[in-house]
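What follows is a short report on a single structure.
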Amino acid sequence: MINLTRTDFILLGQVALHCDQQKLDIAIQEAIQFDLKELSCDFFFELNENWGGTNPKYNELIEGGTYTNCRGNTITFQGLKNALVYFSYSRYIMINSYSDTPNGQVTKTNQFTIPKPLKEMESYATKYKNLGLIAFKDSAAFLCQFKEDPEFSSYDFTKCKECTCSACKPKTKGRQFGLRGQNVTKF
């Protein structure tokens, strides 16, 4: 069954040692249901059955690894677990900022802290969601090499790109924040 622990976040996001574990668990469950499940479609159920199992192909898909693509290049990918960590952390950033009280939702604050503005929190959340999408797409590219493998039969291989020299567009997809800017000219 798909799940994460706080230690899975160590190299990908900053979760305090004394974090609110309940809020982290909520973020993880939301990421599983509303990000990973939506992106995986029917393959999600196969993935759920094999998460943490002994199948080496699924373990590589989940944990990440390397493979040789059709052009003979060695490709390294992070795996679906890291994609899920990014999605979860994106959600945790927003959930952790607020606490439910008898008087409604409040922002946690005291004399030694200054809360971050909502727009800044949304930008960080968008950044980590974008990183999760990149990690997911890289893992999907790993899956595409198994089109003929019955083990991954429920994966939608129609989403796989053809392996051509023009398949890679040289630009970064990992933006720091969710905003894009451009110069405005008079003409």
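Residues in the structure tokens are named by chain (A, B, ... in the order shown) and by number from 1 within that chain; ligands are numbered from 1 in the order shown.
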Legend entry - Selection: 8 Å around range 34-39 of chain A, only C-alpha atoms, excl. self and same-chain fewer than 5 positions, as a ChimeraX atom specification: /A:44,84,87
Which of range 53-174 of chain A end up as strand (DSSP E) when DSSP is run on this backbone - answer as an mmCIF file with all heavy atoms, in the first residue's frame?
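Output contents, as saved in states_5.cif:
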```cif
data_model
loop_
_atom_site.group_PDB
_atom_site.id
_atom_site.type_symbol
_atom_site.label_atom_id
_atom_site.label_comp_id
_atom_site.auth_asym_id
_atom_site.auth_seq_id
_atom_site.Cartn_x
_atom_site.Cartn_y
_atom_site.Cartn_z
ATOM 1 N N GLY A 65 16.156 5.085 -10.344
ATOM 2 C CA GLY A 65 17.309 4.332 -10.816
ATOM 3 C C GLY A 65 17.791 4.873 -12.140
ATOM 4 O O GLY A 65 17.622 6.055 -12.450
ATOM 5 N N THR A 66 18.378 3.986 -12.930
ATOM 6 C CA THR A 66 18.879 4.367 -14.249
ATOM 7 C C THR A 66 18.416 3.338 -15.269
ATOM 8 O O THR A 66 18.132 2.198 -14.931
ATOM 9 C CB THR A 66 20.423 4.432 -14.278
ATOM 10 O OG1 THR A 66 20.942 3.156 -13.923
ATOM 11 C CG2 THR A 66 20.954 5.492 -13.329
ATOM 12 N N TYR A 67 18.347 3.785 -16.503
ATOM 13 C CA TYR A 67 18.048 2.890 -17.610
ATOM 14 C C TYR A 67 18.676 3.466 -18.867
ATOM 15 O O TYR A 67 19.085 4.624 -18.901
ATOM 16 C CB TYR A 67 16.531 2.688 -17.789
ATOM 17 C CG TYR A 67 15.772 3.920 -18.223
ATOM 18 C CD1 TYR A 67 15.478 4.151 -19.563
ATOM 19 C CD2 TYR A 67 15.347 4.865 -17.286
ATOM 20 C CE1 TYR A 67 14.781 5.284 -19.955
ATOM 21 C CE2 TYR A 67 14.653 5.986 -17.668
ATOM 22 C CZ TYR A 67 14.372 6.197 -19.008
ATOM 23 O OH TYR A 67 13.686 7.320 -19.398
ATOM 24 N N THR A 68 18.764 2.658 -19.895
ATOM 25 C CA THR A 68 19.312 3.101 -21.172
ATOM 26 C C THR A 68 18.154 3.357 -22.115
ATOM 27 O O THR A 68 17.327 2.475 -22.351
ATOM 28 C CB THR A 68 20.258 2.033 -21.762
ATOM 29 O OG1 THR A 68 21.265 1.755 -20.793
ATOM 30 C CG2 THR A 68 20.895 2.524 -23.048
ATOM 31 N N THR A 74 22.329 6.824 -20.948
ATOM 32 C CA THR A 74 21.963 6.386 -19.610
ATOM 33 C C THR A 74 21.163 7.498 -18.947
ATOM 34 O O THR A 74 21.640 8.617 -18.803
ATOM 35 C CB THR A 74 23.210 6.062 -18.774
ATOM 36 O OG1 THR A 74 23.947 5.032 -19.435
ATOM 37 C CG2 THR A 74 22.824 5.596 -17.374
ATOM 38 N N ILE A 75 19.946 7.181 -18.577
ATOM 39 C CA ILE A 75 19.017 8.145 -17.989
ATOM 40 C C ILE A 75 18.839 7.816 -16.511
ATOM 41 O O ILE A 75 18.598 6.668 -16.149
ATOM 42 C CB ILE A 75 17.636 8.084 -18.691
ATOM 43 C CG1 ILE A 75 17.776 8.252 -20.207
ATOM 44 C CG2 ILE A 75 16.671 9.092 -18.086
ATOM 45 C CD1 ILE A 75 18.308 9.584 -20.649
ATOM 46 N N THR A 76 18.955 8.828 -15.676
ATOM 47 C CA THR A 76 18.706 8.688 -14.246
ATOM 48 C C THR A 76 17.362 9.339 -13.938
ATOM 49 O O THR A 76 17.079 10.432 -14.414
ATOM 50 C CB THR A 76 19.819 9.385 -13.434
ATOM 51 O OG1 THR A 76 21.077 8.807 -13.783
ATOM 52 C CG2 THR A 76 19.588 9.223 -11.943
ATOM 53 N N PHE A 77 16.545 8.662 -13.151
ATOM 54 C CA PHE A 77 15.252 9.225 -12.766
ATOM 55 C C PHE A 77 15.046 9.022 -11.273
ATOM 56 O O PHE A 77 15.596 8.109 -10.667
ATOM 57 C CB PHE A 77 14.109 8.617 -13.590
ATOM 58 C CG PHE A 77 13.839 7.169 -13.292
ATOM 59 C CD1 PHE A 77 12.751 6.801 -12.523
ATOM 60 C CD2 PHE A 77 14.666 6.173 -13.794
ATOM 61 C CE1 PHE A 77 12.498 5.473 -12.243
ATOM 62 C CE2 PHE A 77 14.429 4.848 -13.515
ATOM 63 C CZ PHE A 77 13.340 4.488 -12.740
ATOM 64 N N TYR A 98 -1.667 26.793 8.750
ATOM 65 C CA TYR A 98 -2.916 27.146 9.420
ATOM 66 C C TYR A 98 -3.294 26.090 10.450
ATOM 67 O O TYR A 98 -2.982 24.917 10.292
ATOM 68 C CB TYR A 98 -4.046 27.289 8.393
ATOM 69 C CG TYR A 98 -3.737 28.353 7.381
ATOM 70 C CD1 TYR A 98 -3.201 28.034 6.139
ATOM 71 C CD2 TYR A 98 -3.925 29.693 7.688
ATOM 72 C CE1 TYR A 98 -2.888 29.015 5.224
ATOM 73 C CE2 TYR A 98 -3.614 30.682 6.777
ATOM 74 C CZ TYR A 98 -3.092 30.339 5.548
ATOM 75 O OH TYR A 98 -2.770 31.319 4.656
ATOM 76 N N SER A 99 -3.972 26.528 11.486
ATOM 77 C CA SER A 99 -4.460 25.620 12.525
ATOM 78 C C SER A 99 -5.941 25.870 12.746
ATOM 79 O O SER A 99 -6.404 27.014 12.738
ATOM 80 C CB SER A 99 -3.709 25.861 13.838
ATOM 81 O OG SER A 99 -2.355 25.511 13.700
ATOM 82 N N ASP A 100 -6.666 24.789 12.952
ATOM 83 C CA ASP A 100 -8.091 24.872 13.238
ATOM 84 C C ASP A 100 -8.264 25.089 14.744
ATOM 85 O O ASP A 100 -7.665 24.381 15.553
ATOM 86 C CB ASP A 100 -8.777 23.580 12.800
ATOM 87 C CG ASP A 100 -10.281 23.648 12.929
ATOM 88 O OD1 ASP A 100 -10.831 24.763 12.866
ATOM 89 O OD2 ASP A 100 -10.896 22.588 13.097
ATOM 90 N N THR A 101 -9.038 26.072 15.103
ATOM 91 C CA THR A 101 -9.318 26.360 16.512
ATOM 92 C C THR A 101 -10.828 26.496 16.685
ATOM 93 O O THR A 101 -11.557 26.580 15.689
ATOM 94 C CB THR A 101 -8.648 27.678 16.959
ATOM 95 O OG1 THR A 101 -9.308 28.779 16.322
ATOM 96 C CG2 THR A 101 -7.165 27.687 16.628
ATOM 97 N N GLY A 104 -12.128 29.234 14.569
ATOM 98 C CA GLY A 104 -11.911 29.179 13.124
ATOM 99 C C GLY A 104 -10.445 28.958 12.789
ATOM 100 O O GLY A 104 -9.620 28.658 13.650
ATOM 101 N N GLN A 105 -10.116 29.105 11.518
ATOM 102 C CA GLN A 105 -8.748 28.921 11.044
ATOM 103 C C GLN A 105 -7.888 30.100 11.476
ATOM 104 O O GLN A 105 -8.276 31.243 11.306
ATOM 105 C CB GLN A 105 -8.716 28.809 9.518
ATOM 106 C CG GLN A 105 -9.363 27.569 8.968
ATOM 107 C CD GLN A 105 -8.495 26.346 9.191
ATOM 108 O OE1 GLN A 105 -7.286 26.396 9.157
ATOM 109 N NE2 GLN A 105 -9.143 25.218 9.417
ATOM 110 N N VAL A 106 -6.700 29.815 12.008
ATOM 111 C CA VAL A 106 -5.770 30.869 12.400
ATOM 112 C C VAL A 106 -4.390 30.540 11.844
ATOM 113 O O VAL A 106 -4.074 29.397 11.575
ATOM 114 C CB VAL A 106 -5.680 31.037 13.936
ATOM 115 C CG1 VAL A 106 -7.016 31.458 14.509
ATOM 116 C CG2 VAL A 106 -5.178 29.775 14.601
ATOM 117 N N THR A 107 -3.587 31.592 11.684
ATOM 118 C CA THR A 107 -2.201 31.419 11.291
ATOM 119 C C THR A 107 -1.378 31.285 12.551
ATOM 120 O O THR A 107 -1.538 32.061 13.486
ATOM 121 C CB THR A 107 -1.714 32.649 10.493
ATOM 122 O OG1 THR A 107 -2.568 32.792 9.358
ATOM 123 C CG2 THR A 107 -0.287 32.479 10.047
#
```
Inset, instruction - List every residue of range 18-93 of chain A that DSSP, applied to the backbone, labels as alpha helix (DSSP H), and write the result as a ChimeraX atom specification. - result: /A:21-31,37-40,43-50,56-63,80-93
Write out the residues from the selection above, keeping C-alpha atoms, as a CSV table (one decimal), in the first residue's frame.
```csv
chain,number,residue,atom,x,y,z
A,21,GLN,CA,2.6,14.6,12.1
A,22,GLN,CA,-1.2,14.7,11.6
A,23,LYS,CA,-0.9,17.6,9.0
A,24,LEU,CA,2.0,15.7,7.2
A,25,ASP,CA,-0.2,12.6,7.1
A,26,ILE,CA,-3.1,14.6,5.6
A,27,ALA,CA,-0.8,16.1,3.0
A,28,ILE,CA,0.5,12.7,2.1
A,29,GLN,CA,-3.0,11.2,1.8
A,30,GLU,CA,-4.2,14.1,-0.3
A,31,ALA,CA,-1.1,13.8,-2.6
A,37,LYS,CA,-3.9,8.6,-8.4
A,38,GLU,CA,-5.1,11.2,-11.0
A,39,LEU,CA,-1.9,11.1,-12.9
A,40,SER,CA,-1.6,7.3,-12.9
A,43,PHE,CA,-2.2,2.0,-13.2
A,44,PHE,CA,-2.6,3.4,-9.7
A,45,PHE,CA,-4.2,0.2,-8.5
A,46,GLU,CA,-1.3,-2.0,-9.7
A,47,LEU,CA,1.1,0.5,-8.3
A,48,ASN,CA,-0.7,0.4,-4.9
A,49,GLU,CA,-0.5,-3.4,-4.8
A,50,ASN,CA,3.3,-3.4,-5.6
A,56,PRO,CA,12.5,-5.5,-8.8
A,57,LYS,CA,10.9,-3.6,-11.8
A,58,TYR,CA,8.3,-2.0,-9.5
A,59,ASN,CA,10.9,-1.2,-6.9
A,60,GLU,CA,13.0,0.6,-9.5
A,61,LEU,CA,10.0,2.5,-10.7
A,62,ILE,CA,9.1,3.6,-7.2
A,63,GLU,CA,12.6,4.2,-5.8
A,80,LEU,CA,7.5,7.8,-8.1
A,81,LYS,CA,8.3,7.9,-4.4
A,82,ASN,CA,10.2,11.2,-4.8
A,83,ALA,CA,7.4,12.5,-7.1
A,84,LEU,CA,4.9,11.7,-4.3
A,85,VAL,CA,7.2,13.4,-1.7
A,86,TYR,CA,7.2,16.6,-3.8
A,87,PHE,CA,3.4,16.5,-4.2
A,88,SER,CA,3.0,15.9,-0.5
A,89,TYR,CA,5.4,18.6,0.5
A,90,SER,CA,3.6,21.1,-1.8
A,91,ARG,CA,0.4,20.3,0.1
A,92,TYR,CA,2.1,20.3,3.5
A,93,ILE,CA,3.4,23.8,3.0
```
Residues near range 151-162 of chain A, anyone? I mean within 7 Å using only C-alpha atoms, not counting same-chain ones fewer than 4 positions away, as a PDB file with N, CA, C and O atoms, in the first residue's frame.
```
ATOM      1  N   ASP A  42      -5.683   4.099 -14.193  1.00  0.00           N
ATOM      2  CA  ASP A  42      -5.891   2.718 -13.754  1.00  0.00           C
ATOM      3  C   ASP A  42      -4.618   2.048 -13.253  1.00  0.00           C
ATOM      4  O   ASP A  42      -4.682   1.089 -12.478  1.00  0.00           O
ATOM      5  N   PHE A  43      -3.469   2.534 -13.683  1.00  0.00           N
ATOM      6  CA  PHE A  43      -2.193   1.967 -13.241  1.00  0.00           C
ATOM      7  C   PHE A  43      -1.991   2.173 -11.734  1.00  0.00           C
ATOM      8  O   PHE A  43      -1.225   1.457 -11.099  1.00  0.00           O
ATOM      9  N   ALA A 141       8.614   7.945 -18.267  1.00  0.00           N
ATOM     10  CA  ALA A 141       9.513   7.638 -19.384  1.00  0.00           C
ATOM     11  C   ALA A 141      10.223   6.305 -19.146  1.00  0.00           C
ATOM     12  O   ALA A 141      10.441   5.530 -20.086  1.00  0.00           O
ATOM     13  N   CYS A 144       7.880   3.560 -20.093  1.00  0.00           N
ATOM     14  CA  CYS A 144       7.640   3.432 -21.535  1.00  0.00           C
ATOM     15  C   CYS A 144       8.536   2.406 -22.209  1.00  0.00           C
ATOM     16  O   CYS A 144       8.219   1.919 -23.288  1.00  0.00           O
ATOM     17  N   LYS A 147       6.760  -1.468 -22.906  1.00  0.00           N
ATOM     18  CA  LYS A 147       5.493  -1.555 -23.643  1.00  0.00           C
ATOM     19  C   LYS A 147       5.008  -2.984 -23.843  1.00  0.00           C
ATOM     20  O   LYS A 147       3.825  -3.256 -23.825  1.00  0.00           O
TER      21      LYS A 147
END
```
Inset, instruction - Rank A:Gly72, A:Gln78, A:Ile2, A:Cys19 by their smallest atom-to-atom distance to Gly132 in chain A, using only C-alpha atoms, and report the top residue only. - result: A:Gln78
Legend entry - Atom pair CA of Asn69 in chain A / CA of Asn55 in chain A: separation (Å):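 If I compute the distance from CA of Asn69 in chain A to CA of Asn55 in chain A, I get 21.4 Å.
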Legend entry - Pick from A:His18, A:Asn130, A:Ala140, A:Leu4, whichever lies nearest to Gly64 in chain A using only C-alpha atoms: A:Ala140
Legend entry - Nearest-residue call for Gly13 in chain A, choices A:Ile134, A:Ala125, A:Cys70, A:Leu143, using only C-alpha atoms: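 Using only C-alpha atoms, the shortest distance to Gly13 in chain A belongs to A:Ala125.
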